[in-house]
>>> print(open('entry_26.cif').read())   # mmCIF, C-alpha atoms
data_start
#
loop_
_atom_site.group_PDB
_atom_site.id
_atom_site.type_symbol
_atom_site.label_atom_id
_atom_site.label_comp_id
_atom_site.auth_asym_id
_atom_site.auth_seq_id
_atom_site.Cartn_x
_atom_site.Cartn_y
_atom_site.Cartn_z
ATOM 1 C CA MET A 20 9.751 9.238 20.753
ATOM 2 C CA LYS A 21 10.463 5.546 21.318
ATOM 3 C CA THR A 22 8.481 3.615 23.868
ATOM 4 C CA LYS A 23 9.804 0.675 25.823
ATOM 5 C CA ASN A 24 7.457 -1.696 23.979
ATOM 6 C CA GLY A 25 8.297 -0.059 20.683
ATOM 7 C CA SER A 26 12.003 -0.637 21.196
ATOM 8 C CA LYS A 27 11.464 -4.335 21.844
ATOM 9 C CA GLN A 28 9.205 -4.587 18.805
ATOM 10 C CA ALA A 29 11.779 -2.948 16.549
ATOM 11 C CA GLN A 30 14.401 -5.474 17.611
ATOM 12 C CA LYS A 31 12.270 -8.384 16.443
ATOM 13 C CA LYS A 32 11.757 -7.226 12.869
ATOM 14 C CA THR A 33 14.440 -5.920 10.567
ATOM 15 C CA ARG A 34 14.019 -3.763 7.499
ATOM 16 C CA ALA A 35 14.769 -6.735 5.255
ATOM 17 C CA ASP A 36 11.920 -8.919 6.474
ATOM 18 C CA ALA A 37 9.290 -6.268 7.229
ATOM 19 C CA ILE A 38 5.990 -6.888 5.441
ATOM 20 C CA ARG A 39 5.273 -3.954 3.120
ATOM 21 C CA VAL A 40 3.510 -5.476 0.111
ATOM 22 C CA VAL A 41 -0.062 -5.905 -1.068
ATOM 23 C CA PRO A 42 -0.477 -9.691 -1.167
ATOM 24 C CA LEU A 43 -2.193 -11.488 -4.033
ATOM 25 C CA TYR A 44 -5.932 -11.945 -3.835
ATOM 26 C CA HIS A 45 -6.981 -15.498 -2.983
ATOM 27 C CA PRO A 46 -10.680 -16.143 -3.568
ATOM 28 C CA LYS A 47 -12.631 -18.324 -1.175
ATOM 29 C CA ARG A 48 -12.297 -21.989 -2.051
ATOM 30 C CA TYR A 49 -15.121 -23.819 -3.817
ATOM 31 C CA VAL A 50 -17.394 -25.751 -1.459
ATOM 32 C CA ARG A 51 -20.229 -27.997 -2.642
ATOM 33 C CA LEU A 52 -23.612 -26.796 -1.439
ATOM 34 C CA GLU A 53 -24.464 -30.056 0.348
ATOM 35 C CA GLU A 54 -21.168 -29.905 2.272
ATOM 36 C CA LEU A 55 -21.557 -26.386 3.626
ATOM 37 C CA GLY A 56 -21.615 -26.112 7.400
ATOM 38 C CA LYS A 57 -20.294 -29.588 8.173
ATOM 39 C CA THR A 58 -16.863 -28.459 9.379
ATOM 40 C CA LYS A 59 -15.706 -25.485 11.453
ATOM 41 C CA GLU A 60 -13.861 -24.081 8.412
ATOM 42 C CA ASP A 61 -17.042 -24.227 6.339
ATOM 43 C CA ARG A 62 -19.107 -22.663 9.114
ATOM 44 C CA ASP A 63 -16.603 -19.814 9.249
ATOM 45 C CA LEU A 64 -17.172 -19.219 5.537
ATOM 46 C CA LEU A 65 -20.865 -18.773 6.248
ATOM 47 C CA THR A 66 -20.687 -16.747 9.448
ATOM 48 C CA GLY A 67 -17.602 -14.642 8.796
ATOM 49 C CA ILE A 68 -16.288 -15.405 12.294
ATOM 50 C CA GLY A 69 -13.144 -17.164 11.119
ATOM 51 C CA GLU A 70 -9.900 -15.626 12.441
ATOM 52 C CA PRO A 71 -7.717 -14.747 9.400
ATOM 53 C CA TRP A 72 -4.811 -13.343 11.428
ATOM 54 C CA ALA A 73 -1.718 -15.019 12.812
ATOM 55 C CA ALA A 74 -2.602 -13.475 16.196
ATOM 56 C CA THR A 75 -5.004 -10.789 17.388
ATOM 57 C CA PRO A 76 -3.703 -7.677 15.606
ATOM 58 C CA ARG A 77 -2.205 -4.793 17.522
ATOM 59 C CA LEU A 78 -0.067 -2.158 15.847
ATOM 60 C CA ILE A 79 2.836 -0.968 18.015
ATOM 61 C CA TYR A 80 4.666 2.301 17.481
ATOM 62 C CA ASN A 81 8.405 1.711 17.115
ATOM 63 C CA GLY A 82 9.517 5.335 17.452
ATOM 64 C CA GLY A 83 10.197 6.208 13.810
ATOM 65 C CA ALA A 84 8.977 8.940 11.482
ATOM 66 C CA LEU A 85 5.398 9.299 10.253
ATOM 67 C CA ILE A 86 4.188 11.337 7.279
ATOM 68 C CA GLN A 87 2.122 14.206 8.656
ATOM 69 C CA ASN A 88 0.679 16.022 5.615
ATOM 70 C CA VAL A 89 1.542 13.748 2.736
ATOM 71 C CA LYS A 90 2.433 15.303 -0.610
ATOM 72 C CA VAL A 91 1.894 12.596 -3.204
ATOM 73 C CA HIS A 92 3.759 12.877 -6.498
ATOM 74 C CA THR A 93 2.618 10.344 -9.086
ATOM 75 C CA ILE A 94 5.008 9.113 -11.766
ATOM 76 C CA PHE A 95 3.599 7.088 -14.637
ATOM 77 C CA TRP A 96 6.607 5.327 -16.100
ATOM 78 C CA GLY A 97 6.190 3.873 -19.577
ATOM 79 C CA MET A 98 5.257 4.616 -23.180
ATOM 80 C CA ASN A 99 1.675 3.365 -22.900
ATOM 81 C CA TRP A 100 0.808 5.980 -20.300
ATOM 82 C CA LYS A 101 1.476 8.545 -23.042
ATOM 83 C CA SER A 102 0.468 6.824 -26.283
ATOM 84 C CA ASP A 103 -2.507 4.648 -25.269
ATOM 85 C CA ALA A 104 -5.766 6.605 -24.930
ATOM 86 C CA GLY A 105 -7.220 4.148 -22.420
ATOM 87 C CA MET A 106 -4.111 4.299 -20.245
ATOM 88 C CA SER A 107 -4.118 8.093 -20.394
ATOM 89 C CA LYS A 108 -7.711 8.162 -19.116
ATOM 90 C CA LEU A 109 -6.744 5.706 -16.391
ATOM 91 C CA LYS A 110 -3.890 8.010 -15.372
ATOM 92 C CA ASP A 111 -6.328 10.908 -15.043
ATOM 93 C CA LYS A 112 -8.629 8.779 -12.873
ATOM 94 C CA VAL A 113 -5.740 7.887 -10.561
ATOM 95 C CA SER A 114 -4.892 11.585 -10.241
ATOM 96 C CA GLN A 115 -8.520 12.368 -9.371
ATOM 97 C CA PHE A 116 -8.452 9.585 -6.796
ATOM 98 C CA PHE A 117 -5.525 11.180 -4.958
ATOM 99 C CA THR A 118 -7.002 14.684 -5.261
ATOM 100 C CA ASP A 119 -10.161 13.487 -3.526
ATOM 101 C CA ILE A 120 -8.866 10.892 -1.083
ATOM 102 C CA LEU A 121 -6.081 12.990 0.460
ATOM 103 C CA ILE A 122 -8.664 15.359 1.954
ATOM 104 C CA SER A 123 -11.187 12.651 2.784
ATOM 105 C CA PRO A 124 -12.334 10.848 5.952
ATOM 106 C CA LEU A 125 -9.767 8.145 5.141
ATOM 107 C CA MET A 126 -7.033 10.580 6.191
ATOM 108 C CA ASP A 127 -9.017 11.592 9.283
ATOM 109 C CA GLN A 128 -9.196 7.914 10.232
ATOM 110 C CA LEU A 129 -5.396 7.716 10.442
ATOM 111 C CA SER A 130 -5.183 10.371 13.157
ATOM 112 C CA GLU A 131 -5.566 7.691 15.827
ATOM 113 C CA TYR A 132 -1.944 6.838 15.008
ATOM 114 C CA ASN A 133 -0.594 10.260 15.957
ATOM 115 C CA ALA A 134 2.503 9.783 18.090
ATOM 116 C CA GLY A 135 4.405 12.383 20.106
ATOM 117 C CA ASN A 136 4.988 15.404 17.864
ATOM 118 C CA TRP A 137 3.855 13.473 14.766
ATOM 119 C CA LYS A 138 0.330 14.543 13.787
ATOM 120 C CA ILE A 139 -1.281 12.947 10.735
ATOM 121 C CA GLY A 140 -3.524 15.285 8.763
ATOM 122 C CA HIS A 141 -4.787 15.884 5.264
ATOM 123 C CA GLY A 142 -2.463 15.758 2.284
ATOM 124 C CA SER A 143 -2.379 16.849 -1.337
ATOM 125 C CA LEU A 144 -1.527 15.695 -4.828
ATOM 126 C CA ALA A 145 1.650 17.692 -5.352
ATOM 127 C CA GLY A 146 2.190 16.753 -8.980
ATOM 128 C CA THR A 147 1.905 14.105 -11.648
ATOM 129 C CA GLN A 148 3.878 13.314 -14.762
ATOM 130 C CA VAL A 149 4.534 10.707 -17.424
ATOM 131 C CA ILE A 150 8.156 9.615 -17.894
ATOM 132 C CA THR A 151 9.108 7.533 -20.921
ATOM 133 C CA ASN A 152 12.903 7.779 -20.827
ATOM 134 C CA GLY A 153 14.480 4.522 -19.697
ATOM 135 C CA ALA A 154 11.086 2.885 -19.324
ATOM 136 C CA PRO A 155 11.513 -0.838 -18.656
ATOM 137 C CA THR A 156 10.044 -3.711 -20.628
ATOM 138 C CA GLY A 157 9.787 -7.268 -19.392
ATOM 139 C CA SER A 158 10.955 -6.975 -15.789
ATOM 140 C CA ILE A 159 12.770 -4.599 -13.474
ATOM 141 C CA GLN A 160 14.348 -4.946 -10.040
ATOM 142 C CA ASP A 161 13.334 -2.757 -7.110
ATOM 143 C CA SER A 162 16.981 -1.688 -6.808
ATOM 144 C CA GLU A 163 16.792 -0.345 -10.380
ATOM 145 C CA ILE A 164 13.605 1.585 -9.531
ATOM 146 C CA GLN A 165 15.326 3.112 -6.520
ATOM 147 C CA SER A 166 18.314 4.098 -8.660
ATOM 148 C CA MET A 167 16.068 5.692 -11.275
ATOM 149 C CA LEU A 168 14.106 7.602 -8.633
ATOM 150 C CA LYS A 169 17.356 9.013 -7.257
ATOM 151 C CA THR A 170 18.365 9.982 -10.811
ATOM 152 C CA TRP A 171 15.060 11.789 -11.390
ATOM 153 C CA ILE A 172 15.386 13.664 -8.088
ATOM 154 C CA ASN A 173 19.006 14.668 -8.664
ATOM 155 C CA ALA A 174 18.261 15.822 -12.210
ATOM 156 C CA GLY A 175 15.242 17.867 -11.128
ATOM 157 C CA ALA A 176 12.934 15.705 -13.233
ATOM 158 C CA VAL A 177 10.700 15.242 -10.180
ATOM 159 C CA PRO A 178 10.341 17.510 -7.138
ATOM 160 C CA PRO A 179 12.931 17.145 -4.383
ATOM 161 C CA TRP A 180 12.088 14.925 -1.437
ATOM 162 C CA ASP A 181 11.106 16.279 1.951
ATOM 163 C CA ALA A 182 9.643 14.587 5.018
ATOM 164 C CA ASP A 183 6.078 14.808 3.641
ATOM 165 C CA THR A 184 6.859 13.686 0.078
ATOM 166 C CA LEU A 185 5.704 10.279 -1.147
ATOM 167 C CA TYR A 186 6.447 9.211 -4.725
ATOM 168 C CA PHE A 187 3.960 6.794 -6.304
ATOM 169 C CA ILE A 188 5.475 5.037 -9.336
ATOM 170 C CA TYR A 189 2.951 3.397 -11.663
ATOM 171 C CA MET A 190 4.442 0.831 -14.017
ATOM 172 C CA ASP A 191 3.471 0.157 -17.630
ATOM 173 C CA LYS A 192 1.458 -2.800 -18.902
ATOM 174 C CA GLY A 193 3.509 -5.959 -19.282
ATOM 175 C CA VAL A 194 6.240 -4.967 -16.810
ATOM 176 C CA GLN A 195 6.915 -7.264 -13.869
ATOM 177 C CA VAL A 196 8.577 -5.794 -10.783
ATOM 178 C CA ILE A 197 10.980 -7.966 -8.778
ATOM 179 C CA MET A 198 11.409 -7.102 -5.108
ATOM 180 C CA GLY A 199 13.248 -9.278 -2.613
ATOM 181 C CA GLY A 200 13.374 -12.135 -5.109
ATOM 182 C CA ALA A 201 9.568 -12.136 -5.547
ATOM 183 C CA GLY A 202 7.631 -10.864 -8.540
ATOM 184 C CA SER A 203 4.508 -8.783 -9.058
ATOM 185 C CA CYS A 204 1.447 -10.763 -10.120
ATOM 186 C CA SER A 205 3.097 -13.908 -8.776
ATOM 187 C CA SER A 206 3.719 -12.840 -5.168
ATOM 188 C CA PHE A 207 2.438 -9.278 -4.672
ATOM 189 C CA CYS A 208 0.439 -6.427 -6.232
ATOM 190 C CA GLY A 209 2.318 -3.394 -4.905
ATOM 191 C CA TYR A 210 4.637 -2.238 -2.150
ATOM 192 C CA HIS A 211 6.163 0.789 -0.456
ATOM 193 C CA ASP A 212 9.610 1.448 0.979
ATOM 194 C CA ALA A 213 12.229 4.143 1.495
ATOM 195 C CA ILE A 214 15.733 4.674 0.171
ATOM 196 C CA GLY A 215 17.687 4.584 3.398
ATOM 197 C CA ASP A 216 15.566 6.610 5.774
ATOM 198 C CA GLN A 217 14.444 9.075 3.086
ATOM 199 C CA GLU A 218 12.841 9.181 -0.368
ATOM 200 C CA TYR A 219 9.618 7.422 0.564
ATOM 201 C CA TYR A 220 8.093 5.681 -2.456
ATOM 202 C CA ALA A 221 5.460 3.169 -3.521
ATOM 203 C CA VAL A 222 5.501 0.981 -6.621
ATOM 204 C CA MET A 223 2.272 0.053 -8.390
ATOM 205 C CA PRO A 224 2.670 -2.660 -11.048
ATOM 206 C CA PHE A 225 -0.118 -2.672 -13.626
ATOM 207 C CA PRO A 226 -2.852 -5.083 -12.417
ATOM 208 C CA SER A 227 -2.878 -7.617 -15.242
ATOM 209 C CA CYS A 228 -3.597 -10.853 -13.376
ATOM 210 C CA ALA A 229 -6.493 -12.337 -11.410
ATOM 211 C CA GLY A 230 -4.430 -12.166 -8.215
ATOM 212 C CA CYS A 231 -4.221 -8.369 -8.461
ATOM 213 C CA LEU A 232 -7.578 -7.671 -10.089
ATOM 214 C CA ALA A 233 -9.807 -10.014 -8.069
ATOM 215 C CA ASP A 234 -13.304 -9.186 -9.338
ATOM 216 C CA LEU A 235 -12.593 -5.467 -9.632
ATOM 217 C CA SER A 236 -12.264 -3.097 -12.565
ATOM 218 C CA ILE A 237 -8.735 -1.932 -13.331
ATOM 219 C CA ILE A 238 -9.299 1.483 -11.751
ATOM 220 C CA ASP A 239 -10.870 -0.009 -8.607
ATOM 221 C CA ALA A 240 -7.972 -2.456 -8.315
ATOM 222 C CA LEU A 241 -5.495 0.410 -8.678
ATOM 223 C CA THR A 242 -7.199 2.656 -6.129
ATOM 224 C CA GLY A 243 -7.657 -0.236 -3.710
ATOM 225 C CA THR A 244 -3.979 -1.149 -3.895
ATOM 226 C CA SER A 245 -2.907 2.496 -3.854
ATOM 227 C CA SER A 246 -4.949 3.216 -0.724
ATOM 228 C CA HIS A 247 -3.369 0.182 0.962
ATOM 229 C CA GLU A 248 0.138 1.500 0.294
ATOM 230 C CA LEU A 249 -0.783 5.128 0.962
ATOM 231 C CA CYS A 250 -2.013 4.405 4.494
ATOM 232 C CA GLU A 251 0.932 2.120 5.199
ATOM 233 C CA ALA A 252 3.466 4.654 3.959
ATOM 234 C CA ILE A 253 1.925 7.401 6.114
ATOM 235 C CA THR A 254 1.933 5.296 9.288
ATOM 236 C CA ASP A 255 5.160 3.361 8.595
ATOM 237 C CA PRO A 256 7.266 5.154 5.956
ATOM 238 C CA VAL A 257 10.495 3.322 6.868
ATOM 239 C CA PRO A 258 9.311 -0.221 7.652
ATOM 240 C CA PRO A 259 9.110 -1.353 10.414
ATOM 241 C CA SER A 260 10.090 1.784 12.369
ATOM 242 C CA GLY A 261 6.571 3.267 12.483
ATOM 243 C CA TRP A 262 3.329 1.476 13.377
ATOM 244 C CA TYR A 263 3.851 -2.256 12.933
ATOM 245 C CA ASP A 264 2.563 -5.631 14.127
ATOM 246 C CA ASN A 265 5.250 -8.320 14.147
ATOM 247 C CA ASN A 266 2.712 -11.063 13.472
ATOM 248 C CA ASN A 267 0.532 -9.370 10.864
ATOM 249 C CA GLY A 268 2.507 -6.503 9.344
ATOM 250 C CA GLU A 269 1.286 -2.973 8.677
ATOM 251 C CA ILE A 270 -2.061 -1.207 8.892
ATOM 252 C CA GLY A 271 -3.142 -2.383 5.436
ATOM 253 C CA ASP A 272 -1.807 -5.948 5.538
ATOM 254 C CA ILE A 273 -4.224 -6.867 8.311
ATOM 255 C CA CYS A 274 -7.215 -5.873 6.169
ATOM 256 C CA ALA A 275 -6.047 -6.806 2.662
ATOM 257 C CA TRP A 276 -8.780 -7.170 0.007
ATOM 258 C CA LYS A 277 -11.544 -5.708 2.151
ATOM 259 C CA PHE A 278 -12.946 -2.542 0.610
ATOM 260 C CA LYS A 279 -15.318 0.378 1.059
ATOM 261 C CA SER A 280 -16.190 3.487 -0.936
ATOM 262 C CA VAL A 281 -14.823 6.856 0.189
ATOM 263 C CA SER A 282 -15.449 10.069 -1.773
ATOM 264 C CA GLY A 283 -16.621 7.947 -4.707
ATOM 265 C CA HIS A 284 -13.482 5.778 -4.833
ATOM 266 C CA ASN A 285 -12.764 2.158 -3.957
ATOM 267 C CA VAL A 286 -10.376 2.058 -0.986
ATOM 268 C CA GLN A 287 -9.184 -0.681 1.308
ATOM 269 C CA LEU A 288 -10.272 -0.974 4.916
ATOM 270 C CA GLU A 289 -7.454 -0.264 7.380
ATOM 271 C CA TRP A 290 -6.790 -1.693 10.831
ATOM 272 C CA SER A 291 -7.916 0.405 13.793
ATOM 273 C CA ASN A 292 -6.374 -0.323 17.188
ATOM 274 C CA ARG A 293 -9.117 1.773 18.746
ATOM 275 C CA ALA A 294 -11.962 -0.175 17.141
ATOM 276 C CA GLY A 295 -10.143 -3.514 17.225
ATOM 277 C CA ASN A 296 -11.228 -4.161 13.663
ATOM 278 C CA CYS A 297 -10.831 -3.226 10.014
ATOM 279 C CA ILE A 298 -12.771 -0.014 9.356
#
>>> encode(input="entry_26.cif", output="C-alpha cells")
Amino acid sequence: MKTKNGSKQAQKKTRADAIRVVPLYHPKRYVRLEELGKTKEDRDLLTGIGEPWAATPRLIYNGGALIQNVKVHTIFWGMNWKSDAGMSKLKDKVSQFFTDILISPLMDQLSEYNAGNWKIGHGSLAGTQVITNGAPTGSIQDSEIQSMLKTWINAGAVPPWDADTLYFIYMDKGVQVIMGGAGSCSSFCGYHDAIGDQEYYAVMPFPSCAGCLADLSIIDALTGTSSHELCEAITDPVPPSGWYDNNNGEIGDICAWKFKSVSGHNVQLEWSNRAGNCI
C-alpha cells in the first residue's frame, strides 16, 4: 500500500541519503552556575522544553515492507568473541537481551505503525553464533560486510534470509566500520540497512569511545544502540521506504540517547506519532 503522501515523501529522500545510523552521543555543554538561566538556551537546559528537532516530528509511511514477526540472528564476528572470557559473557548478555525484548512491551509499542496488511508483532531470537573466519582488524567497509553476509548466507553458514529475518552483526574490539565515507566512533555508533531490497541487517561496532558509551556500561550501550536499530529495522527495513520523517529520520533517530528500562534491559525511547513524543 502506498499513500499519496507517502509517495511524495519517498521522492524527497533517496536510499543513499536516508538517515539510518545511531549518532554519536553529545553531552550537554558546560555552563557556569552563575550563568544558568540568563539566555533562552540555558533556560531550555533547565526546563527541558528546548526543541531538539529540525521540525515537529511526524513519521510518514512510504509504502514499503515492514518486518512483522522479526527473527533476529546475531553474528559475533571476531576472535575476541571466542577467546576473551569477558567478551563471551557480553555475547551471552546480548543474546538474553534479544530473548527478552522481542516478546516485550517494546514490540507491542510498535504496533501503532501497522500499515495495510503489515502487522507488527512479537519476534524471536532465531540463532546466534561466533564467526572468526575472515574477521577484520583495523577497519572494514560496509560494502565488505555486505559481501561477507552474502557469502555466509550462500554457504549455509547462517540461516537463509526471509522477510522476517534480521541479521545483527557485532564487530570485535578495535575494529572501525566505514559506511558512506564516515566511521564508527567518529560519526556513528551503529546502523541498519538492506542488500537491495532483501537481507536486512544491522551492524554494531564495539562501543569503545565516549561518543558511543556516554555514561553507560558496555552492555547498556550495546542494548541501547541495538534497540535503536531493531525498532528502525522493523518499521523501515529498506530505508526510507517504510516509516520515515524527511526532516528527522527514522523512529529511533528522533529519540536518540533517551533511555528507559524494559524487561530489565536498557532500551532507547522511540518516537510515537500517536503520543506525539518519545515513549
>>> closest_atom_pairs(input="entry_26.cif", of="stretch 101-131 of chain A", to="stretch 236-260 of chain A", cutoff="10 Å", atoms="only C-alpha atoms", output="tab-separated table")
residue	atom	partner	partner_atom	distance
A:Leu109	CA	A:Ile238	CA	6.8
A:Lys110	CA	A:Ile238	CA	9.2
A:Lys112	CA	A:Ile238	CA	7.4
A:Val113	CA	A:Thr242	CA	7.0
A:Phe116	CA	A:Thr242	CA	7.1
A:Phe117	CA	A:Thr242	CA	8.8
A:Ile120	CA	A:Ser246	CA	8.6
A:Leu121	CA	A:Leu249	CA	9.5
A:Leu125	CA	A:Cys250	CA	8.6
A:Met126	CA	A:Cys250	CA	8.1
A:Gln128	CA	A:Cys250	CA	9.8
A:Leu129	CA	A:Cys250	CA	7.6
A:Ser130	CA	A:Thr254	CA	9.6
>>> residues_around(input="entry_26.cif", residues="stretch 96-98 of chain A", least_positions_apart="6", cutoff="10 Å", atoms="all atoms listed in the file", output="ChimeraX atom specification")
/A:106,148-156,188-192,194
>>> atom_distance(input="entry_26.cif", atom1="atom CA of A:Leu185", atom2="atom CA of A:Ile94")
10.7 Å
>>> closest_residue(input="entry_26.cif", among="A:Met167, A:Val286, A:Ile159, A:Ala174", to="A:Tyr220", atoms="only C-alpha atoms")
A:Met167
>>> atom_distance(input="entry_26.cif", atom1="atom CA of A:Pro76", atom2="atom CA of A:Glu131")
15.5 Å
>>> residues_around(input="entry_26.cif", residues="stretch 205-215 of chain A", least_positions_apart="6", cutoff="6 Å", atoms="all atoms listed in the file", output="PyMOL selection string")
chain A and resi 39-43+221-223+231+257
>>> atom_distance(input="entry_26.cif", atom1="atom CA of A:Ser107", atom2="atom CA of A:Pro124")
27.7 Å
>>> resolve_selection(input="entry_26.cif", expression="the PyMOL selection byres ((chain A and resi 87) around 10)", output="list in words")
Ala84, Leu85, Ile86, Asn88, Val89, Lys90, Ser130, Asn133, Asn136, Trp137, Lys138, Ile139, Gly140, His141, Gly142, Ala182, Asp183, Thr184, Ile253 and Thr254 of chain A
>>> closest_residue(input="entry_26.cif", among="A:Asp103, A:Asp264, A:Asp181, A:Asp119", to="A:Gln217", atoms="all atoms listed in the file")
A:Asp181
>>> closest_residue(input="entry_26.cif", among="A:Asp161, A:Asp272, A:Trp171, A:Gly82", to="A:Gly135", atoms="all atoms listed in the file")
A:Gly82
